[in-house]
Every structure is written in structure tokens, then in C-alpha cells.
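Pasting coords12.txt here (compact mmCIF, C-alpha atoms):
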# COMPACT_ATOMS: atom_id res chain seq x y z
CA MET A 1 -3.45 69.26 -60.76
CA LYS A 2 -2.11 66.13 -59.17
CA ALA A 3 1.40 64.96 -60.07
CA TYR A 4 3.72 62.23 -58.82
CA LEU A 5 7.29 63.12 -57.91
CA ASN A 6 9.95 60.41 -57.93
CA ARG A 7 13.34 60.78 -56.31
CA ARG A 8 16.20 58.26 -56.08
CA TYR A 9 18.74 57.92 -53.23
CA LEU A 10 21.63 55.55 -52.50
CA PHE A 11 22.89 53.82 -49.40
CA SER A 12 25.19 50.87 -48.72
CA ALA A 13 24.62 48.28 -46.02
CA SER A 14 25.39 44.70 -45.08
CA HIS A 15 23.06 41.91 -44.03
CA ARG A 16 22.76 38.20 -43.52
CA LEU A 17 19.57 36.29 -44.21
CA HIS A 18 19.10 33.84 -41.37
CA ASN A 19 16.14 32.71 -39.29
CA ASP A 20 16.93 31.22 -35.87
CA ARG A 21 13.72 29.14 -36.01
CA PHE A 22 15.07 27.16 -38.95
CA SER A 23 17.80 24.53 -38.69
CA GLU A 24 21.25 25.24 -40.09
CA GLY A 25 20.45 23.04 -43.08
CA GLU A 26 17.08 24.74 -43.69
CA ASN A 27 18.67 28.21 -43.55
CA ARG A 28 21.32 27.10 -45.98
CA GLU A 29 18.81 25.61 -48.37
CA LEU A 30 16.40 28.56 -48.21
CA TYR A 31 18.79 31.50 -48.27
CA GLY A 32 21.76 30.00 -50.13
CA LYS A 33 24.81 32.27 -50.21
CA CYS A 34 22.78 35.01 -48.51
CA ASN A 35 23.14 32.81 -45.41
CA ASN A 36 26.98 32.88 -45.41
CA PRO A 37 27.92 33.35 -41.74
CA PHE A 38 29.57 36.76 -41.83
CA GLY A 39 27.08 38.50 -44.09
CA HIS A 40 27.61 40.51 -47.23
CA GLY A 41 26.60 43.93 -48.56
CA HIS A 42 24.77 45.81 -51.26
CA ASN A 43 24.49 49.27 -52.71
CA TYR A 44 20.79 49.91 -52.31
CA THR A 45 18.84 52.42 -54.38
CA VAL A 46 15.68 53.82 -52.80
CA GLU A 47 13.16 55.32 -55.17
CA VAL A 48 10.56 57.36 -53.29
CA THR A 49 7.30 58.40 -54.97
CA VAL A 50 5.13 61.11 -53.46
CA SER A 51 2.01 62.72 -54.88
CA GLY A 52 0.08 65.91 -54.35
CA GLN A 53 -1.40 68.97 -55.96
CA VAL A 54 1.07 71.14 -57.86
CA ASP A 55 1.23 74.42 -55.89
CA SER A 56 0.39 77.23 -58.31
CA ARG A 57 2.83 79.63 -56.63
CA THR A 58 5.86 77.33 -56.68
CA GLY A 59 5.03 74.85 -59.45
CA MET A 60 5.98 72.07 -57.03
CA VAL A 61 4.36 69.04 -55.43
CA CYS A 62 6.74 69.53 -52.52
CA ASN A 63 9.98 71.29 -51.87
CA LEU A 64 12.79 68.96 -52.86
CA VAL A 65 15.04 70.36 -50.13
CA ASP A 66 12.49 69.28 -47.50
CA LEU A 67 12.08 65.84 -49.10
CA ASP A 68 15.86 65.29 -49.39
CA GLU A 69 16.41 66.39 -45.80
CA CYS A 70 13.64 64.11 -44.52
CA VAL A 71 14.96 61.07 -46.41
CA ARG A 72 18.55 61.82 -45.36
CA LEU A 73 17.68 62.06 -41.67
CA ALA A 74 15.15 59.23 -41.53
CA ILE A 75 16.61 56.70 -43.99
CA LEU A 76 20.14 57.41 -45.23
CA ASP A 77 21.59 58.34 -41.82
CA ARG A 78 19.86 55.29 -40.35
CA TYR A 79 20.91 52.65 -42.88
CA ASP A 80 24.00 53.86 -44.74
CA HIS A 81 27.13 51.84 -43.87
CA GLN A 82 25.29 49.82 -41.24
CA ASN A 83 24.86 46.11 -40.62
CA LEU A 84 21.08 45.73 -40.97
CA ASN A 85 21.00 42.66 -38.70
CA CYS A 86 22.24 44.82 -35.81
CA LEU A 87 19.39 47.34 -36.05
CA PRO A 88 16.40 47.01 -33.69
CA GLU A 89 13.81 46.54 -36.46
CA PHE A 90 15.65 43.42 -37.62
CA LYS A 91 16.20 41.89 -34.21
CA ASP A 92 13.35 39.45 -34.79
CA LYS A 93 12.88 39.91 -38.50
CA VAL A 94 15.01 38.76 -41.43
CA PRO A 95 16.51 41.82 -43.20
CA THR A 96 15.36 40.86 -46.67
CA THR A 97 14.87 43.73 -49.08
CA GLU A 98 11.11 43.08 -48.90
CA ASN A 99 11.11 43.77 -45.16
CA LEU A 100 13.45 46.73 -45.56
CA CYS A 101 11.21 48.21 -48.27
CA VAL A 102 8.15 48.09 -45.96
CA HIS A 103 10.16 49.68 -43.14
CA VAL A 104 11.38 52.51 -45.32
CA PHE A 105 7.81 53.23 -46.47
CA ASP A 106 6.44 53.21 -42.92
CA ILE A 107 9.25 55.42 -41.57
CA LEU A 108 8.85 58.02 -44.33
CA GLN A 109 5.08 58.10 -44.03
CA ARG A 110 5.47 58.82 -40.32
CA GLU A 111 8.29 61.35 -40.73
CA PHE A 112 6.56 63.37 -43.46
CA ARG A 113 4.20 64.79 -40.87
CA ALA A 114 7.10 66.29 -38.95
CA ALA A 115 8.98 67.61 -41.99
CA HIS A 116 6.71 70.20 -43.65
CA LEU A 117 5.54 67.41 -45.97
CA GLN A 118 2.11 66.84 -44.43
CA ASP A 119 0.36 67.83 -47.68
CA VAL A 120 2.02 65.17 -49.83
CA ARG A 121 0.96 61.56 -49.95
CA MET A 122 3.51 58.79 -49.64
CA GLU A 123 2.75 56.65 -52.69
CA ARG A 124 5.44 54.05 -53.07
CA VAL A 125 8.93 52.92 -52.18
CA LYS A 126 10.94 50.94 -54.68
CA LEU A 127 14.07 49.40 -53.26
CA GLU A 128 16.70 48.08 -55.65
CA GLU A 129 19.07 45.60 -54.02
CA THR A 130 21.05 45.18 -57.23
CA MET A 131 20.44 46.22 -60.81
CA MET A 132 18.64 42.90 -61.27
CA ASN A 133 16.44 42.79 -58.12
CA SER A 134 13.94 45.36 -56.96
CA PHE A 135 10.98 45.43 -54.58
CA GLU A 136 8.06 47.83 -54.31
CA TYR A 137 5.65 48.63 -51.51
CA ALA A 138 2.75 51.06 -51.75
CA GLY A 139 1.29 50.74 -48.28
CA GLY A 140 -0.50 47.51 -49.23
CA GLU A 141 -2.06 48.91 -52.41
CA ASP A 142 -1.08 48.22 -56.01
CA PRO A 143 1.53 50.76 -57.12
CA ARG A 144 0.34 53.13 -59.83
CA ARG A 145 1.82 52.31 -63.24
CA MET B 1 -13.37 42.60 -73.00
CA SER B 2 -10.98 45.34 -74.04
CA LYS B 3 -7.35 44.41 -74.54
CA TYR B 4 -5.48 47.60 -73.81
CA VAL B 5 -1.82 47.65 -74.68
CA TYR B 6 0.45 50.42 -73.41
CA LEU B 7 3.03 51.92 -75.74
CA THR B 8 5.83 54.19 -74.57
CA ARG B 9 7.93 56.49 -76.72
CA LYS B 10 11.02 58.15 -75.32
CA VAL B 11 12.63 61.39 -76.53
CA GLU B 12 15.29 63.69 -75.11
CA PHE B 13 15.48 67.44 -75.14
CA ALA B 14 17.85 70.00 -73.63
CA ALA B 15 16.57 73.26 -72.21
CA SER B 16 17.37 76.01 -69.75
CA HIS B 17 15.12 77.57 -67.12
CA ILE B 18 14.96 79.56 -63.90
CA TYR B 19 12.57 79.20 -60.97
CA HIS B 20 11.39 82.63 -59.98
CA ASN B 21 8.02 83.92 -58.80
CA PRO B 22 7.74 87.72 -59.16
CA THR B 23 5.13 87.85 -56.38
CA PHE B 24 7.73 86.53 -53.88
CA THR B 25 10.44 88.74 -52.40
CA PRO B 26 14.05 88.05 -53.50
CA GLU B 27 14.62 86.35 -50.13
CA GLU B 28 11.53 84.14 -50.54
CA ASN B 29 12.59 83.17 -54.06
CA ARG B 30 16.04 82.26 -52.77
CA ARG B 31 14.71 80.31 -49.79
CA ILE B 32 12.05 78.38 -51.71
CA PHE B 33 13.88 77.74 -54.98
CA GLY B 34 17.52 77.65 -53.79
CA LYS B 35 20.08 77.43 -56.58
CA CYS B 36 17.26 76.97 -59.12
CA ASN B 37 16.74 80.73 -58.56
CA ASN B 38 20.26 81.67 -59.74
CA PRO B 39 19.62 84.82 -61.81
CA ASN B 40 20.98 83.69 -65.16
CA GLY B 41 19.25 80.31 -65.16
CA HIS B 42 20.65 76.83 -65.76
CA GLY B 43 19.78 73.81 -67.88
CA HIS B 44 19.13 70.09 -68.04
CA ASN B 45 19.00 67.21 -70.45
CA TYR B 46 15.41 66.10 -70.04
CA THR B 47 14.14 62.66 -70.95
CA LEU B 48 10.47 62.40 -71.78
CA GLU B 49 8.46 59.18 -71.82
CA VAL B 50 4.97 59.38 -73.24
CA THR B 51 2.81 56.32 -72.64
CA VAL B 52 -0.39 55.87 -74.66
CA LYS B 53 -2.91 53.06 -74.38
CA GLY B 54 -5.27 51.58 -76.87
CA GLU B 55 -6.56 48.36 -78.31
CA VAL B 56 -4.40 46.59 -80.87
CA ASP B 57 -5.83 47.19 -84.33
CA GLY B 58 -6.83 43.89 -85.98
CA GLN B 59 -5.56 45.01 -89.38
CA THR B 60 -2.25 46.66 -88.52
CA GLY B 61 -1.32 45.05 -85.19
CA PHE B 62 -0.61 48.56 -83.89
CA VAL B 63 -1.88 50.49 -80.86
CA LEU B 64 -1.07 53.49 -83.01
CA ASP B 65 1.29 54.20 -85.85
CA LEU B 66 4.56 55.04 -84.10
CA LYS B 67 5.41 57.39 -86.94
CA ASP B 68 2.36 59.49 -86.07
CA LEU B 69 3.39 59.65 -82.39
CA LYS B 70 6.93 60.54 -83.40
CA ASP B 71 5.61 63.37 -85.58
CA ILE B 72 3.36 64.66 -82.79
CA LEU B 73 6.25 64.63 -80.29
CA ASN B 74 8.55 66.38 -82.74
CA ARG B 75 5.99 69.09 -83.47
CA GLU B 76 4.44 69.56 -80.01
CA VAL B 77 7.48 68.94 -77.79
CA MET B 78 10.85 68.93 -79.55
CA ASP B 79 10.23 71.99 -81.72
CA VAL B 80 8.87 73.87 -78.70
CA PHE B 81 11.23 72.76 -75.89
CA ASP B 82 14.52 71.52 -77.36
CA HIS B 83 17.44 73.95 -77.03
CA ARG B 84 15.10 76.64 -75.70
CA HIS B 85 14.95 78.81 -72.63
CA LEU B 86 11.64 77.60 -71.20
CA ASN B 87 10.74 80.84 -69.34
CA LYS B 88 11.41 83.02 -72.37
CA GLU B 89 10.36 80.84 -75.29
CA VAL B 90 7.50 78.57 -74.16
CA PRO B 91 4.33 80.65 -73.73
CA GLU B 92 2.87 78.93 -70.63
CA PHE B 93 6.12 79.47 -68.72
CA ALA B 94 5.91 83.24 -69.06
CA THR B 95 3.55 82.97 -66.08
CA GLU B 96 4.01 79.44 -64.65
CA ILE B 97 7.24 78.22 -63.04
CA PRO B 98 8.89 75.68 -65.40
CA THR B 99 9.29 72.97 -62.76
CA THR B 100 9.39 69.34 -63.81
CA GLU B 101 5.81 69.06 -62.52
CA ASN B 102 4.59 71.89 -64.77
CA ILE B 103 6.62 70.64 -67.76
CA ALA B 104 4.89 67.24 -67.46
CA ILE B 105 1.46 68.91 -67.30
CA SER B 106 2.30 71.17 -70.24
CA ILE B 107 3.41 68.24 -72.39
CA TRP B 108 0.23 66.32 -71.53
CA ASN B 109 -1.89 69.33 -72.55
CA ARG B 110 -0.01 69.69 -75.82
CA VAL B 111 0.10 66.03 -76.85
CA ALA B 112 -3.17 64.49 -75.57
CA PRO B 113 -5.52 66.45 -77.91
CA LYS B 114 -3.47 65.43 -80.94
CA LEU B 115 -3.92 61.67 -80.52
CA ASN B 116 -6.32 59.89 -82.84
CA ASP B 117 -9.64 58.55 -81.58
CA GLY B 118 -9.24 55.25 -79.80
CA THR B 119 -5.78 56.09 -78.45
CA HIS B 120 -5.54 57.62 -74.99
CA MET B 121 -2.76 59.29 -73.09
CA HIS B 122 -1.89 57.18 -70.06
CA ARG B 123 1.15 58.87 -68.55
CA VAL B 124 3.71 61.59 -69.16
CA ARG B 125 6.98 60.99 -67.33
CA VAL B 126 9.64 63.71 -67.40
CA TYR B 127 13.14 63.05 -66.07
CA GLU B 128 15.01 66.22 -65.10
CA THR B 129 17.92 64.00 -64.05
CA PRO B 130 18.10 60.20 -63.65
CA ASP B 131 17.40 60.74 -59.92
CA LEU B 132 14.43 63.13 -60.24
CA PHE B 133 11.37 62.54 -62.36
CA VAL B 134 7.68 63.40 -62.37
CA ASP B 135 4.64 61.44 -63.55
CA TYR B 136 1.38 63.07 -64.65
CA TYR B 137 -1.75 61.06 -65.46
CA GLY B 138 -4.03 63.93 -66.46
CA GLU B 139 -5.60 64.08 -63.01
CA PRO B 140 -7.16 67.36 -61.84

Can I see the file as C-alpha cells?
Amino acid sequence: MKAYLNRRYLFSASHRLHNDRFSEGENRELYGKCNNPFGHGHNYTVEVTVSGQVDSRTGMVCNLVDLDECVRLAILDRYDHQNLNCLPEFKDKVPTTENLCVHVFDILQREFRAAHLQDVRMERVKLEETMMNSFEYAGGEDPRR
Amino acid sequence: MSKYVYLTRKVEFAASHIYHNPTFTPEENRRIFGKCNNPNGHGHNYTLEVTVKGEVDGQTGFVLDLKDLKDILNREVMDVFDHRHLNKEVPEFATEIPTTENIAISIWNRVAPKLNDGTHMHRVRVYETPDLFVDYYGEP
């Protein structure tokens, strides 16, 4: 039987929304206070959804220790207490939570193969920037409700 | 065109359990299940969300009578799971491991057949903690 496992993680990071191709005035108008020159930070919550058959011997979709370790190494160690603008993936891309959400999905989908998680399917990443804002990416598909 | 509306009812129950597969060696049980294999078990406050879908009845304005769903959840879930040791007191967990995945499947199997015609189970979501929860949609 197929079940969906959801797990939530936290990291904190800073960013500044700014696009060099826009004028100073355009950046200010588009990004508002998110364009303040020295950046600002958030406590991000990452909600990861994976799916797969429930293993009849373990009762599990996947081993939570493997999933936690994979997310810690690939996501939390990479982003926690970092300035997102200084990371290579945001050299030419604005570190909005939309872009970050897609990155997190793509990284985890790639890393699963190397982390004993090849049998589970990466379904969705939901990234909460604050309690009021959240973004979801399901590899280009509609997330399952 | 059908106008499905989704209705979700939330309940909470507290239960204890242990993850242990007698066909594994003690070392395998420890490696695979970690502290969930501690010999005397442990417990959680579970939150259950049951989502049903159906068309809104023209006479009542209901997808289903919430009182009926409340009664079903009390009888099929709360009476069976709340303040129980899942391995020892819930029949299916005498043989299956009472993981959050299997609890979600068990609740689906208990509740879905009790719904009236025209109302369908959409999703069972079981939170073991606020940071770990499982969804089951009745898929094989």
C-alpha cells in the first residue's frame, strides 16, 4: 500500500532580493523592504513529502534516520546560518523562497539515490518563509491534496 | 457537473507502541527501528485528520452529518486507539508494526466502510508529532 510521509525541518538564513538587471528604483519598487541593502533573515521551515510502498517487514515508507540524515547533509548543513546570496546557486538568481523551494526539491531528488532512499519518490517540498508565507513545488506537477 | 466539497474532522488520541519485528534479530531490530525499539515501548499524542468528499445535499446543505462522522470516529478510532497500547490492544498490530504509516492505513480500513453512500473517504492524515505525519489515500 502506498503512503505519503511528511517531515518538517528548520533552518535560518539571510537573503536580499535584488536583480542587477533592474535599476535601483525598479528593485526598490518591486522588492520593497526585501531590497534593503544589507539583507535580512528568516527562520525557514522545510516540509518534505515522500511516497512509496509501506514495507511489510518494517511498516515504513522509508527509514526516518536515512531521510533525516539525507536532509541534514544536503539541505540543513548547506543553508542553515548562511547568506543565501553568497551561495553559488544564487549567484545569478534572486534567492526568493520560490527559487529556494525548487532548489531544495532538485537537490533532495538527486541525493535520495545516494542515500538508501532510491525506492521512495520525492513528491513535494513546501517551504515556509514565515508563518504567513509558504511555497510548494512538486517537480512541476500539482501537489497532491 | 459534480460539485465535490471536502470536509475534514480532526481528533486526538494518545497511545503507546513499540516497533519490533520478531523475524529480525535483536541487532536488526535495534539498527532499523532505533529508539522506537526500546523494550518497554513509548507513546505519542496523535492527531488524526479524516477528510471525506461528497456533493452538498440540496436539502441539508451538508456533505454529511458531522454528528455521524463524529460517532464513527469515536467508535472506530477513539474507543480502539485512545489510551491503548497499540501492539497489545489493537488486533491488526499483533502482527503488523504500528508505524504511523500502518496506523493511517488501519484507520482508513476501519472508517471508510462505515460512511454512507455518496460520501467517500479522501484522505487519512495521522500526525505522530507536529513534525512527522503520514497521508494515506486508499491507494494499493

Could you work out which residues of chain A fall inside 7 Å of chain B? Count all atoms listed in the file, and format the result as a list in words.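 Interface list for chain A against chain B: Met1, Lys2, Ala3, Tyr4, Leu5, Asn6, Arg7, Arg8, Val54, Thr58, Gly59 and Met60 of chain A.
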
Can you write out the residues you just picked, keeping C-alpha atoms, as a PDB file, in the coordinates of the input?
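This is the output file again-v2.pdb:
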ATOM      1  CA  MET A   1      -3.450  69.260 -60.760  1.00  0.00           C
ATOM      2  CA  LYS A   2      -2.110  66.130 -59.170  1.00  0.00           C
ATOM      3  CA  ALA A   3       1.400  64.960 -60.070  1.00  0.00           C
ATOM      4  CA  TYR A   4       3.720  62.230 -58.820  1.00  0.00           C
ATOM      5  CA  LEU A   5       7.290  63.120 -57.910  1.00  0.00           C
ATOM      6  CA  ASN A   6       9.950  60.410 -57.930  1.00  0.00           C
ATOM      7  CA  ARG A   7      13.340  60.780 -56.310  1.00  0.00           C
ATOM      8  CA  ARG A   8      16.200  58.260 -56.080  1.00  0.00           C
ATOM      9  CA  VAL A  54       1.070  71.140 -57.860  1.00  0.00           C
ATOM     10  CA  THR A  58       5.860  77.330 -56.680  1.00  0.00           C
ATOM     11  CA  GLY A  59       5.030  74.850 -59.450  1.00  0.00           C
ATOM     12  CA  MET A  60       5.980  72.070 -57.030  1.00  0.00           C
TER      13      MET A  60
END

With all atoms listed in the file as the basis for distance, which of B:Leu69, B:Asn109, B:Lys114, B:Cys36 is at the shortest distance from Asn63 of chain A?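 Checking each of B:Leu69, B:Asn109, B:Lys114, B:Cys36 against Asn63 of chain A, counting all atoms listed in the file, the winner is B:Cys36.
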
Pick from A:Val120, A:Ala13, A:Leu67, A:Ile75: nearest to His40 of chain A, with all atoms listed in the file counted?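 Among A:Val120, A:Ala13, A:Leu67, A:Ile75, it is A:Ala13 that comes nearest to His40 of chain A.
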
Go through A:Arg28, A:Lys126, A:His15, A:Arg57 and flag the residue nearest Gly41 of chain A, using all atoms listed in the file for the distances. A:His15

Could you pull the residues within 12 Å of segment 108-115 of chain A, counting only C-alpha atoms, minus those fewer than 6 positions along the same chain, as a ChimeraX atom specification? /A:46-50,62-76,101-102,121-125,138-139

Test item: which residues lie within 12 Å of (-1.8, 68.1, -79.4) counting all atoms listed in the file, as a PyMOL selection string: chain B and resi 68-69+71-77+106-116+120-121

Could the residues in this selection be saved with C-alpha atoms as an mmCIF file, in the coordinates of the input?
data_model
loop_
_atom_site.group_PDB
_atom_site.id
_atom_site.type_symbol
_atom_site.label_atom_id
_atom_site.label_comp_id
_atom_site.auth_asym_id
_atom_site.auth_seq_id
_atom_site.Cartn_x
_atom_site.Cartn_y
_atom_site.Cartn_z
ATOM 1 C CA ASP B 68 2.360 59.490 -86.070
ATOM 2 C CA LEU B 69 3.390 59.650 -82.390
ATOM 3 C CA ASP B 71 5.610 63.370 -85.580
ATOM 4 C CA ILE B 72 3.360 64.660 -82.790
ATOM 5 C CA LEU B 73 6.250 64.630 -80.290
ATOM 6 C CA ASN B 74 8.550 66.380 -82.740
ATOM 7 C CA ARG B 75 5.990 69.090 -83.470
ATOM 8 C CA GLU B 76 4.440 69.560 -80.010
ATOM 9 C CA VAL B 77 7.480 68.940 -77.790
ATOM 10 C CA SER B 106 2.300 71.170 -70.240
ATOM 11 C CA ILE B 107 3.410 68.240 -72.390
ATOM 12 C CA TRP B 108 0.230 66.320 -71.530
ATOM 13 C CA ASN B 109 -1.890 69.330 -72.550
ATOM 14 C CA ARG B 110 -0.010 69.690 -75.820
ATOM 15 C CA VAL B 111 0.100 66.030 -76.850
ATOM 16 C CA ALA B 112 -3.170 64.490 -75.570
ATOM 17 C CA PRO B 113 -5.520 66.450 -77.910
ATOM 18 C CA LYS B 114 -3.470 65.430 -80.940
ATOM 19 C CA LEU B 115 -3.920 61.670 -80.520
ATOM 20 C CA ASN B 116 -6.320 59.890 -82.840
ATOM 21 C CA HIS B 120 -5.540 57.620 -74.990
ATOM 22 C CA MET B 121 -2.760 59.290 -73.090
#

One-decimal distance in Å that lies between atom CA of His18 of chain A and atom CA of Leu87 of chain A: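 Separation of atom CA of Leu87 of chain A and atom CA of His18 of chain A: 14.5 Å.
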
By how many Å are atom CA of Ser12 of chain A and atom CA of Leu117 of chain A apart?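 If I compute the distance from atom CA of Ser12 of chain A to atom CA of Leu117 of chain A, I get 25.8 Å.
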
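The space between atom CA of Gly54 of chain B and atom CA of Val5 of chain B spans 5.7 Å.
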
Which is closest to Leu10 of chain A among A:Phe105, A:Tyr79, A:Tyr44, A:Phe90, if we use all atoms listed in the file?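 Nearest candidate to Leu10 of chain A out of A:Phe105, A:Tyr79, A:Tyr44, A:Phe90: A:Tyr44.
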